Every structure is written in C-alpha cells, then in structure tokens.
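Source file: work09.cif. Holds: mmCIF, C-alpha atoms and all ligand atoms.
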data_data
#
loop_
_atom_site.group_PDB
_atom_site.id
_atom_site.type_symbol
_atom_site.label_atom_id
_atom_site.label_comp_id
_atom_site.auth_asym_id
_atom_site.auth_seq_id
_atom_site.Cartn_x
_atom_site.Cartn_y
_atom_site.Cartn_z
ATOM 1 C CA MET A 1 3.452 -48.627 -15.946
ATOM 2 C CA TYR A 2 6.663 -50.301 -14.821
ATOM 3 C CA TYR A 3 9.319 -52.001 -16.894
ATOM 4 C CA ASP A 4 12.498 -54.031 -16.370
ATOM 5 C CA THR A 5 15.516 -52.244 -17.871
ATOM 6 C CA ALA A 6 17.398 -55.507 -18.479
ATOM 7 C CA LYS A 7 14.544 -56.645 -20.737
ATOM 8 C CA ASN A 8 13.483 -53.184 -21.963
ATOM 9 C CA ASN A 9 9.929 -54.547 -22.008
ATOM 10 C CA HIS A 10 8.285 -51.105 -21.962
ATOM 11 C CA GLY A 11 6.207 -51.773 -25.068
ATOM 12 C CA LEU A 12 6.770 -48.194 -26.274
ATOM 13 C CA LYS A 13 7.966 -47.158 -29.727
ATOM 14 C CA HIS A 14 11.422 -46.218 -28.408
ATOM 15 C CA ASN A 15 13.426 -46.686 -25.235
ATOM 16 C CA PRO A 16 11.980 -43.955 -22.990
ATOM 17 C CA MET A 17 14.995 -43.622 -20.663
ATOM 18 C CA LYS A 18 16.368 -40.393 -22.129
ATOM 19 C CA ALA A 19 12.897 -38.826 -22.045
ATOM 20 C CA LEU A 20 12.753 -39.431 -18.292
ATOM 21 C CA VAL A 21 15.895 -37.645 -17.107
ATOM 22 C CA THR A 22 15.466 -34.284 -18.714
ATOM 23 C CA PRO A 23 16.468 -31.674 -19.684
ATOM 24 C CA ARG A 24 20.119 -32.738 -19.821
ATOM 25 C CA PRO A 25 22.749 -30.047 -20.429
ATOM 26 C CA ILE A 26 24.771 -30.551 -23.594
ATOM 27 C CA GLY A 27 28.529 -30.513 -23.166
ATOM 28 C CA TRP A 28 30.103 -29.571 -26.473
ATOM 29 C CA ILE A 29 33.394 -31.415 -26.123
ATOM 30 C CA SER A 30 36.505 -30.484 -28.073
ATOM 31 C CA THR A 31 39.692 -32.540 -28.007
ATOM 32 C CA LEU A 32 42.850 -33.065 -30.037
ATOM 33 C CA ASP A 33 44.034 -36.486 -31.110
ATOM 34 C CA LYS A 34 47.668 -37.579 -30.811
ATOM 35 C CA ASN A 35 48.376 -36.057 -34.247
ATOM 36 C CA GLY A 36 46.819 -32.728 -33.317
ATOM 37 C CA VAL A 37 43.593 -33.221 -35.336
ATOM 38 C CA ALA A 38 40.720 -31.382 -33.629
ATOM 39 C CA ASN A 39 37.521 -33.168 -32.686
ATOM 40 C CA LEU A 40 34.194 -31.671 -31.609
ATOM 41 C CA ALA A 41 31.020 -33.483 -30.519
ATOM 42 C CA PRO A 42 27.982 -32.875 -28.276
ATOM 43 C CA PHE A 43 27.323 -35.055 -25.229
ATOM 44 C CA SER A 44 24.117 -34.905 -23.202
ATOM 45 C CA PHE A 45 25.358 -37.538 -20.802
ATOM 46 C CA PHE A 46 27.228 -34.606 -19.354
ATOM 47 C CA ASN A 47 27.167 -32.519 -16.228
ATOM 48 C CA LEU A 48 29.023 -30.449 -13.664
ATOM 49 C CA VAL A 49 29.525 -32.997 -10.887
ATOM 50 C CA SER A 50 31.212 -30.735 -8.321
ATOM 51 C CA ASP A 51 31.967 -27.028 -7.905
ATOM 52 C CA ILE A 52 34.920 -26.984 -5.493
ATOM 53 C CA PRO A 53 36.981 -28.472 -7.034
ATOM 54 C CA PRO A 54 35.078 -27.887 -10.285
ATOM 55 C CA CYS A 55 34.670 -31.171 -12.155
ATOM 56 C CA VAL A 56 32.640 -32.194 -15.189
ATOM 57 C CA MET A 57 31.769 -35.596 -16.589
ATOM 58 C CA PHE A 58 30.758 -36.799 -20.050
ATOM 59 C CA SER A 59 29.883 -40.296 -21.151
ATOM 60 C CA GLY A 60 30.317 -41.896 -24.557
ATOM 61 C CA GLY A 61 28.355 -44.922 -25.706
ATOM 62 C CA GLY A 62 30.728 -47.249 -27.556
ATOM 63 C CA PRO A 63 34.022 -46.181 -29.121
ATOM 64 C CA LYS A 64 33.935 -42.373 -29.391
ATOM 65 C CA ASP A 65 36.868 -40.170 -30.414
ATOM 66 C CA SER A 66 36.082 -37.665 -27.644
ATOM 67 C CA TRP A 67 36.752 -39.946 -24.683
ATOM 68 C CA LYS A 68 39.654 -41.672 -26.426
ATOM 69 C CA ASN A 69 41.336 -38.318 -27.196
ATOM 70 C CA ALA A 70 40.709 -37.022 -23.671
ATOM 71 C CA GLN A 71 42.361 -40.172 -22.316
ATOM 72 C CA ASP A 72 45.268 -40.071 -24.792
ATOM 73 C CA THR A 73 46.131 -36.376 -24.437
ATOM 74 C CA GLY A 74 44.832 -35.625 -20.923
ATOM 75 C CA GLU A 75 42.812 -32.583 -21.957
ATOM 76 C CA PHE A 76 39.407 -31.498 -23.246
ATOM 77 C CA VAL A 77 37.279 -28.376 -23.453
ATOM 78 C CA CYS A 78 33.559 -28.082 -22.941
ATOM 79 C CA SER A 79 31.823 -25.198 -24.739
ATOM 80 C CA LEU A 80 28.238 -24.220 -23.906
ATOM 81 C CA SER A 81 25.574 -25.231 -26.448
ATOM 82 C CA THR A 82 23.120 -22.399 -27.039
ATOM 83 C CA TRP A 83 20.003 -21.683 -29.069
ATOM 84 C CA ASP A 84 22.012 -19.582 -31.544
ATOM 85 C CA LEU A 85 24.389 -22.521 -32.099
ATOM 86 C CA ARG A 86 21.821 -25.332 -32.230
ATOM 87 C CA TYR A 87 22.403 -26.267 -35.887
ATOM 88 C CA GLU A 88 26.181 -26.113 -35.521
ATOM 89 C CA MET A 89 26.036 -28.272 -32.373
ATOM 90 C CA ASN A 90 23.863 -30.815 -34.159
ATOM 91 C CA ALA A 91 26.129 -30.861 -37.247
ATOM 92 C CA SER A 92 29.128 -31.647 -35.044
ATOM 93 C CA SER A 93 27.454 -34.903 -33.990
ATOM 94 C CA ALA A 94 27.798 -36.340 -37.512
ATOM 95 C CA GLU A 95 29.381 -39.798 -37.402
ATOM 96 C CA VAL A 96 32.631 -39.096 -39.253
ATOM 97 C CA GLY A 97 36.105 -40.618 -39.038
ATOM 98 C CA PRO A 98 38.770 -39.485 -36.551
ATOM 99 C CA GLU A 99 40.643 -37.690 -39.347
ATOM 100 C CA VAL A 100 37.745 -35.241 -39.829
ATOM 101 C CA ASP A 101 37.846 -31.918 -37.954
ATOM 102 C CA GLU A 102 34.233 -31.300 -36.880
ATOM 103 C CA PHE A 103 34.906 -27.580 -36.300
ATOM 104 C CA ALA A 104 35.048 -27.328 -40.101
ATOM 105 C CA ILE A 105 31.972 -29.434 -40.924
ATOM 106 C CA SER A 106 29.856 -27.699 -38.282
ATOM 107 C CA ARG A 107 30.990 -24.246 -39.435
ATOM 108 C CA VAL A 108 32.279 -22.958 -36.114
ATOM 109 C CA THR A 109 35.509 -21.135 -35.406
ATOM 110 C CA LYS A 110 38.362 -22.308 -33.218
ATOM 111 C CA ALA A 111 39.521 -19.988 -30.455
ATOM 112 C CA GLU A 112 42.737 -20.713 -28.635
ATOM 113 C CA SER A 113 42.287 -21.998 -25.088
ATOM 114 C CA ARG A 114 44.466 -20.520 -22.323
ATOM 115 C CA PHE A 115 45.094 -23.506 -20.042
ATOM 116 C CA VAL A 116 44.899 -26.510 -22.387
ATOM 117 C CA LYS A 117 45.708 -27.282 -26.038
ATOM 118 C CA PRO A 118 42.263 -28.208 -27.507
ATOM 119 C CA PRO A 119 40.528 -25.109 -28.918
ATOM 120 C CA ARG A 120 37.155 -23.860 -27.708
ATOM 121 C CA VAL A 121 34.194 -22.924 -29.919
ATOM 122 C CA ALA A 122 34.753 -19.180 -30.453
ATOM 123 C CA GLU A 123 31.025 -18.474 -30.986
ATOM 124 C CA SER A 124 30.018 -20.077 -27.654
ATOM 125 C CA PRO A 125 29.695 -17.743 -24.632
ATOM 126 C CA VAL A 126 31.284 -20.194 -22.143
ATOM 127 C CA ALA A 127 34.127 -22.699 -22.251
ATOM 128 C CA LEU A 128 35.421 -24.946 -19.478
ATOM 129 C CA GLU A 129 39.033 -25.947 -20.063
ATOM 130 C CA CYS A 130 39.620 -29.350 -18.481
ATOM 131 C CA LYS A 131 42.398 -31.690 -17.466
ATOM 132 C CA TYR A 132 41.491 -35.375 -17.717
ATOM 133 C CA VAL A 133 41.142 -37.068 -14.314
ATOM 134 C CA SER A 134 39.877 -40.613 -14.895
ATOM 135 C CA THR A 135 37.614 -42.928 -16.865
ATOM 136 C CA THR A 136 35.113 -45.311 -15.428
ATOM 137 C CA THR A 137 32.774 -47.640 -17.296
ATOM 138 C CA THR A 138 29.162 -48.668 -16.887
ATOM 139 C CA PRO A 139 28.393 -52.371 -16.574
ATOM 140 C CA ARG A 140 27.771 -54.003 -19.940
ATOM 141 C CA HIS A 141 24.079 -54.122 -20.838
ATOM 142 C CA GLU A 142 23.145 -57.794 -20.615
ATOM 143 C CA LYS A 143 21.011 -57.947 -23.732
ATOM 144 C CA THR A 144 22.999 -55.722 -26.137
ATOM 145 C CA GLY A 145 26.530 -55.805 -24.692
ATOM 146 C CA LYS A 146 26.600 -51.992 -24.839
ATOM 147 C CA ILE A 147 28.921 -50.092 -22.518
ATOM 148 C CA HIS A 148 29.590 -46.392 -21.779
ATOM 149 C CA HIS A 149 32.889 -44.731 -20.897
ATOM 150 C CA LEU A 150 32.510 -41.912 -18.364
ATOM 151 C CA VAL A 151 35.280 -39.335 -18.425
ATOM 152 C CA LEU A 152 35.851 -37.127 -15.393
ATOM 153 C CA GLY A 153 37.694 -33.842 -15.892
ATOM 154 C CA LEU A 154 38.929 -31.069 -13.615
ATOM 155 C CA VAL A 155 38.041 -27.596 -14.881
ATOM 156 C CA VAL A 156 41.295 -25.624 -14.755
ATOM 157 C CA GLY A 157 40.294 -22.526 -16.734
ATOM 158 C CA VAL A 158 37.001 -20.832 -17.547
ATOM 159 C CA TYR A 159 36.107 -18.484 -20.414
ATOM 160 C CA ILE A 160 32.982 -16.313 -20.110
ATOM 161 C CA ASP A 161 31.946 -13.850 -22.796
ATOM 162 C CA ASP A 162 31.914 -10.496 -20.939
ATOM 163 C CA ARG A 163 28.667 -9.514 -22.672
ATOM 164 C CA PHE A 164 26.852 -12.001 -20.412
ATOM 165 C CA ILE A 165 28.166 -10.616 -17.125
ATOM 166 C CA LYS A 166 25.675 -8.158 -15.642
ATOM 167 C CA GLY A 167 25.844 -6.546 -12.201
ATOM 168 C CA GLY A 168 28.542 -8.960 -11.069
ATOM 169 C CA LEU A 169 26.502 -12.060 -12.013
ATOM 170 C CA VAL A 170 26.468 -14.371 -15.019
ATOM 171 C CA ASP A 171 23.222 -13.886 -16.960
ATOM 172 C CA THR A 172 22.740 -17.533 -17.932
ATOM 173 C CA GLY A 173 19.220 -16.989 -19.268
ATOM 174 C CA ALA A 174 20.526 -14.426 -21.771
ATOM 175 C CA MET A 175 22.843 -17.100 -23.200
ATOM 176 C CA LYS A 176 19.804 -19.259 -24.029
ATOM 177 C CA PRO A 177 21.437 -22.612 -23.233
ATOM 178 C CA ILE A 178 19.874 -25.626 -24.899
ATOM 179 C CA ALA A 179 19.374 -29.049 -23.355
ATOM 180 C CA ARG A 180 18.457 -32.518 -24.528
ATOM 181 C CA MET A 181 15.192 -34.252 -23.798
ATOM 182 C CA GLY A 182 14.100 -37.636 -25.167
ATOM 183 C CA TYR A 183 13.854 -38.706 -28.802
ATOM 184 C CA ARG A 184 14.896 -35.763 -31.012
ATOM 185 C CA ASP A 185 13.507 -33.161 -28.606
ATOM 186 C CA TYR A 186 15.383 -30.293 -27.030
ATOM 187 C CA ALA A 187 14.597 -27.596 -24.467
ATOM 188 C CA VAL A 188 15.855 -24.027 -24.365
ATOM 189 C CA VAL A 189 16.284 -21.800 -21.332
ATOM 190 C CA LEU A 190 14.863 -18.355 -22.069
ATOM 191 C CA PRO A 191 15.385 -15.366 -19.754
ATOM 192 C CA GLU A 192 11.630 -15.140 -19.043
ATOM 193 C CA ASN A 193 11.559 -18.776 -17.849
ATOM 194 C CA VAL A 194 14.264 -18.390 -15.221
ATOM 195 C CA PHE A 195 12.928 -18.264 -11.663
ATOM 196 C CA THR A 196 14.620 -17.719 -8.314
ATOM 197 C CA LEU A 197 13.926 -19.582 -5.079
ATOM 198 C CA GLY A 198 15.481 -18.717 -1.721
ATOM 199 C CA LEU A 199 16.777 -21.343 0.700
ATOM 200 C CA PRO A 200 14.101 -23.020 2.879
ATOM 201 C CA GLU A 201 13.364 -21.141 6.097
ATOM 202 C CA LEU A 202 12.981 -23.108 9.337
ATOM 203 C CA ASP A 203 11.135 -22.130 12.514
ATOM 204 C CA ALA A 204 12.343 -23.021 16.017
ATOM 205 C CA ARG A 205 10.628 -26.435 15.780
ATOM 206 C CA GLY A 206 12.336 -27.325 12.527
ATOM 207 C CA ASN A 207 9.233 -26.849 10.376
ATOM 208 C CA VAL A 208 9.818 -25.344 6.955
ATOM 209 C CA THR A 209 8.042 -21.991 6.963
ATOM 210 C CA GLY A 210 8.961 -20.782 3.497
ATOM 211 C CA PRO A 211 9.384 -19.684 0.918
ATOM 212 C CA TRP A 212 5.960 -20.859 -0.326
ATOM 213 C CA GLU A 213 3.916 -19.422 -3.131
ATOM 214 C CA LYS A 214 2.142 -16.294 -1.900
ATOM 215 C CA VAL A 215 -1.607 -16.961 -1.924
ATOM 216 C CA ASP A 216 -3.832 -13.897 -1.554
ATOM 217 C CA ALA A 217 -6.402 -14.295 1.209
HETATM 218 C C1 LIG B 301 22.459 -33.273 -28.574
HETATM 219 C C2 LIG B 301 23.278 -34.519 -28.698
HETATM 220 C C3 LIG B 301 23.728 -35.168 -27.565
HETATM 221 C C4 LIG B 301 24.490 -36.323 -27.660
HETATM 222 N N1 LIG B 301 24.908 -36.940 -26.512
HETATM 223 C C5 LIG B 301 25.677 -38.037 -26.582
HETATM 224 C C6 LIG B 301 26.164 -38.655 -25.391
HETATM 225 O O1 LIG B 301 25.935 -38.188 -24.282
HETATM 226 N N2 LIG B 301 26.918 -39.764 -25.526
HETATM 227 C C7 LIG B 301 27.234 -40.283 -26.744
HETATM 228 O O2 LIG B 301 27.932 -41.298 -26.796
HETATM 229 N N3 LIG B 301 26.805 -39.718 -27.892
HETATM 230 C C8 LIG B 301 26.058 -38.595 -27.831
HETATM 231 N N4 LIG B 301 25.633 -37.987 -28.989
HETATM 232 C C9 LIG B 301 26.127 -38.495 -30.269
HETATM 233 C C10 LIG B 301 27.579 -38.028 -30.493
HETATM 234 O O3 LIG B 301 27.659 -36.618 -30.533
HETATM 235 C C11 LIG B 301 28.097 -38.599 -31.828
HETATM 236 O O4 LIG B 301 28.157 -40.016 -31.713
HETATM 237 C C12 LIG B 301 29.440 -38.062 -32.228
HETATM 238 O O5 LIG B 301 29.725 -38.442 -33.553
HETATM 239 C C13 LIG B 301 30.553 -38.565 -31.344
HETATM 240 O O6 LIG B 301 31.732 -37.992 -31.830
HETATM 241 P P1 LIG B 301 33.175 -38.514 -31.478
HETATM 242 O O7 LIG B 301 33.305 -39.950 -31.950
HETATM 243 O O8 LIG B 301 34.034 -37.547 -32.266
HETATM 244 O O9 LIG B 301 33.393 -38.398 -30.000
HETATM 245 C C14 LIG B 301 24.841 -36.848 -28.932
HETATM 246 C C15 LIG B 301 24.372 -36.198 -30.082
HETATM 247 C C16 LIG B 301 23.599 -35.051 -29.979
HETATM 248 C C17 LIG B 301 23.107 -34.349 -31.211
#
With the file now loaded, output its structure as structure tokens.
Ligand SMILES: Cc1cc2nc3c(=O)[nH]c(=O)nc-3n(C[C@H](O)[C@H](O)[C@H](O)COP(=O)(O)O)c2cc1C
Amino acid sequence: MYYDTAKNNHGLKHNPMKALVTPRPIGWISTLDKNGVANLAPFSFFNLVSDIPPCVMFSGGGPKDSWKNAQDTGEFVCSLSTWDLRYEMNASSAEVGPEVDEFAISRVTKAESRFVKPPRVAESPVALECKYVSTTTTPRHEKTGKIHHLVLGLVVGVYIDDRFIKGGLVDTGAMKPIARMGYRDYAVVLPENVFTLGLPELDARGNVTGPWEKVDA
C-alpha cells in the first residue's frame, strides 16, 4: 500500500507512522521551570544526533513543559529509560499541570546533576546533562494544524552507573534499555539480543568481501 501523509488516507485503524520508524529510544527529559519546579517526561521523538560534539534532540507535539522549560532555563537532562523503570517512565507521561513535579508522581528519586541544575533520575543507569542549543519547528500539518518543537541540546556532562562498565566498555545490553514502537508497543534490548558486526571489508577492486554470515559448505 501507499498513502498520502497530508490526507492520512491509509485506511488503517490508527496512523501507522510511529509503527514504521522503530524502535525509537526514549529520552527521559528532566527540566526545571523558572520557579524551580521539576518536570519529568518521556520523549520517543528523541535521539543522539552527533557524537563529537555530543548533541541530542527531543521533539514535543504541541505545548509541552519540557521544551518550554529547556528554552526558558537553557538546561535539561536526559536519563535512560530501562526495563526496570518502565512503569515509572510511563507514569511520568501523565498529562498534569506545570506545577506538578513528575518525579513525585512517578515515584523516582532526584539525584543532583553535576553540570546543570535539573536533577537526573537517580534509579536510571545513565544521564546526559545538556545545555540548550536551539529550537526548530516542523511545518504545520495542513489538515490538523499540529506542529512539533524540536529542541537541540549539547551534552556537557555524562553520568554512567559504574556497575555497567565492564572491561573498559559500557555494557548497554545489561542496562536493558527500552524503546518505543507504534501504538502502545515497546521493545526492550536484552543482553542476549545484542550482536556485533565489524566494518565492511573491501578487496582491491572495491568489492565488499565481508563480513558475511558464515555458511558451512
Ligand atoms: C514512551 C513515551 C514516549 C513519548 N514520546 C513523546 C514525544 O516524543 N513527544 C511528545 O510530544 N510527547 C511524547 N509522549 C507524551 C509526553 O510524555 C506527555 O505528553 C507528557 O505529559 C509531556 O510532559 P511535559 O508537558 O511535562 O513536557 C510520550 C509518552 C510516552 C509514554
């Protein structure tokens, strides 16, 4: 099938877009408002967009406290969402007013950040402490008028729980990160599902010679 996104004439029960770009990492964004009230919410329109310099992006549909606070105060923190914290992450997405501290309603603990003022989620094994860089917006959707605000941040400080550093490497699989798929579906990375692939090898003619799956003769 094909469909036109301006018309959304896919004929399916729900808009399939989010089920098509998947799994999306979940940035668990904490901010402070101008009065110092903490805010915490998950964003799956989120990613690391560069490593040197390290930058992340998250995108809010409509008026969201997270992007407004990041803009107003110039700082945000992104904690890693994991299998062990799935219910807490989900609870923090509750649509509550800006005066509500979602750390409390989602039953997670605040840990002081080192480089920025917003706290990180103490129970999460990773936190990226960010300085706000800029906001850009999507075009307005013709039919609905909806718009997203994309916030770009520079990661200035990184927290990693030492228990997940093994042999000089970060054991990401052991953290069991969770990711968003379409509808209400999620994916989880388990250690046994992590696989490694070397860089492509080229012969003198520029043909890729490997690595390919080893097939026994
Ligand atoms: C797993 C998950 C991912 C989400 N991703 C996004 C997202 O990328 N953009 C968005 O606008 N809302 C997203 N939401 C909904 C927000 O978390 C929710 O609207 C939240 O209340 C926003 O909080 P805020 O107004 O404090 O920023 C997501 C919710 C869940 C559970």
Hey, which bits of range 124-148 of chain A sit within 10 Å of range 44-65 of chain A, and for each residue what's the closest pair of atoms and how far apart in Å (one decimal), counting only C-alpha atoms, rows by chain and increasing number, as a tab-separated table?
residue	atom	partner	partner_atom	distance
A:Leu128	CA	A:Val56	CA	8.9
A:Cys130	CA	A:Val56	CA	8.2
A:Lys131	CA	A:Cys55	CA	9.4
A:Tyr132	CA	A:Val56	CA	9.7
A:Val133	CA	A:Cys55	CA	9.0
A:Ser134	CA	A:Met57	CA	9.7
A:Thr135	CA	A:Ser59	CA	9.2
A:Thr136	CA	A:Ser59	CA	9.2
A:Thr137	CA	A:Ser59	CA	8.8
A:Thr138	CA	A:Ser59	CA	9.4
A:Gly145	CA	A:Gly62	CA	10.0
A:Lys146	CA	A:Gly62	CA	6.8
A:Ile147	CA	A:Gly62	CA	6.1
A:His148	CA	A:Gly61	CA	4.4
Each residue of chain A lying at most 9 Å from ligand LIG 301 (chain B) should get a row with its shortest atom-to-atom pair and the distance in Å to one decimal, counting all atoms listed in the file; could you produce that, ordered by chain and increasing number, as a tab-separated table?
residue	atom	partner	partner_atom	distance
A:Arg24	CA	B:LIG301	C3	8.9
A:Pro25	CA	B:LIG301	C1	8.8
A:Ile26	CA	B:LIG301	C1	6.1
A:Gly27	CA	B:LIG301	C3	8.0
A:Trp28	CA	B:LIG301	O3	8.5
A:Ile29	CA	B:LIG301	O9	8.0
A:Ser30	CA	B:LIG301	O8	8.6
A:Thr31	CA	B:LIG301	O8	8.7
A:Asn39	CA	B:LIG301	O8	5.6
A:Leu40	CA	B:LIG301	O8	5.9
A:Ala41	CA	B:LIG301	O3	4.6
A:Pro42	CA	B:LIG301	O3	4.4
A:Phe43	CA	B:LIG301	N1	3.3
A:Ser44	CA	B:LIG301	O1	3.9
A:Phe45	CA	B:LIG301	O1	3.6
A:Phe46	CA	B:LIG301	O1	6.2
A:Phe58	CA	B:LIG301	O1	6.6
A:Ser59	CA	B:LIG301	N2	5.3
A:Gly60	CA	B:LIG301	O2	3.3
A:Gly61	CA	B:LIG301	O2	3.8
A:Gly62	CA	B:LIG301	O2	6.6
A:Pro63	CA	B:LIG301	O7	6.9
A:Lys64	CA	B:LIG301	O7	3.6
A:Asp65	CA	B:LIG301	O7	3.9
A:Ser66	CA	B:LIG301	O9	3.6
A:Trp67	CA	B:LIG301	O9	6.5
A:Lys68	CA	B:LIG301	O9	7.9
A:Asn69	CA	B:LIG301	O9	8.4
A:Ser81	CA	B:LIG301	C1	8.9
A:Arg86	CA	B:LIG301	C1	8.8
A:Met89	CA	B:LIG301	C17	6.8
A:Asn90	CA	B:LIG301	C17	4.7
A:Ala91	CA	B:LIG301	C17	7.6
A:Ser92	CA	B:LIG301	O3	6.9
A:Ser93	CA	B:LIG301	O3	3.9
A:Ala94	CA	B:LIG301	O5	4.9
A:Glu95	CA	B:LIG301	O5	4.1
A:Val96	CA	B:LIG301	O5	6.4
A:Gly97	CA	B:LIG301	O7	7.7
A:Pro98	CA	B:LIG301	O8	6.7
A:Val100	CA	B:LIG301	O8	8.7
A:Asp101	CA	B:LIG301	O8	8.9
A:Glu102	CA	B:LIG301	O8	7.8
A:His148	CA	B:LIG301	O2	7.3
A:His149	CA	B:LIG301	O2	8.4
A:Ile178	CA	B:LIG301	C1	8.9
A:Ala179	CA	B:LIG301	C1	7.4
A:Arg180	CA	B:LIG301	C1	5.7
A:Met181	CA	B:LIG301	C1	8.8
A:Arg184	CA	B:LIG301	C1	8.3
A:Asp185	CA	B:LIG301	C1	9.0
A:Tyr186	CA	B:LIG301	C1	7.8
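When all atoms listed in the file are used to compute distances to Leu85 in chain A, the closest of the residues A:Leu32, A:Val188, A:Val208, A:Val194 turns out to be A:Val188.
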Selection result for the PyMOL selection byres (((chain A and resi 175) around 9) and not hetatm) on this file, as a list of chain:residue names: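 So the PyMOL selection byres (((chain A and resi 175) around 9) and not hetatm) ends up selecting A:Leu80, A:Thr82, A:Trp83, A:Asp84, A:Ser124, A:Pro125, A:Phe164, A:Asp171, A:Thr172, A:Gly173, A:Ala174, A:Lys176, A:Pro177, A:Val189, A:Leu190, A:Pro191.
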- Go through A:Arg205, A:Val155, A:Leu199, A:Tyr183 and flag the residue nearest Leu20 in chain A, using all atoms listed in the file for the distances.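 Ranked by minimum distance to Leu20 in chain A, first place goes to A:Tyr183.
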**Asked** When distances are computed from all atoms listed in the file, which of A:Gly74, A:Lys110, A:His141, A:Glu192 shows the smallest separation from Asn8 in chain A?
**Response**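 Smallest distance to Asn8 in chain A is found for A:His141.
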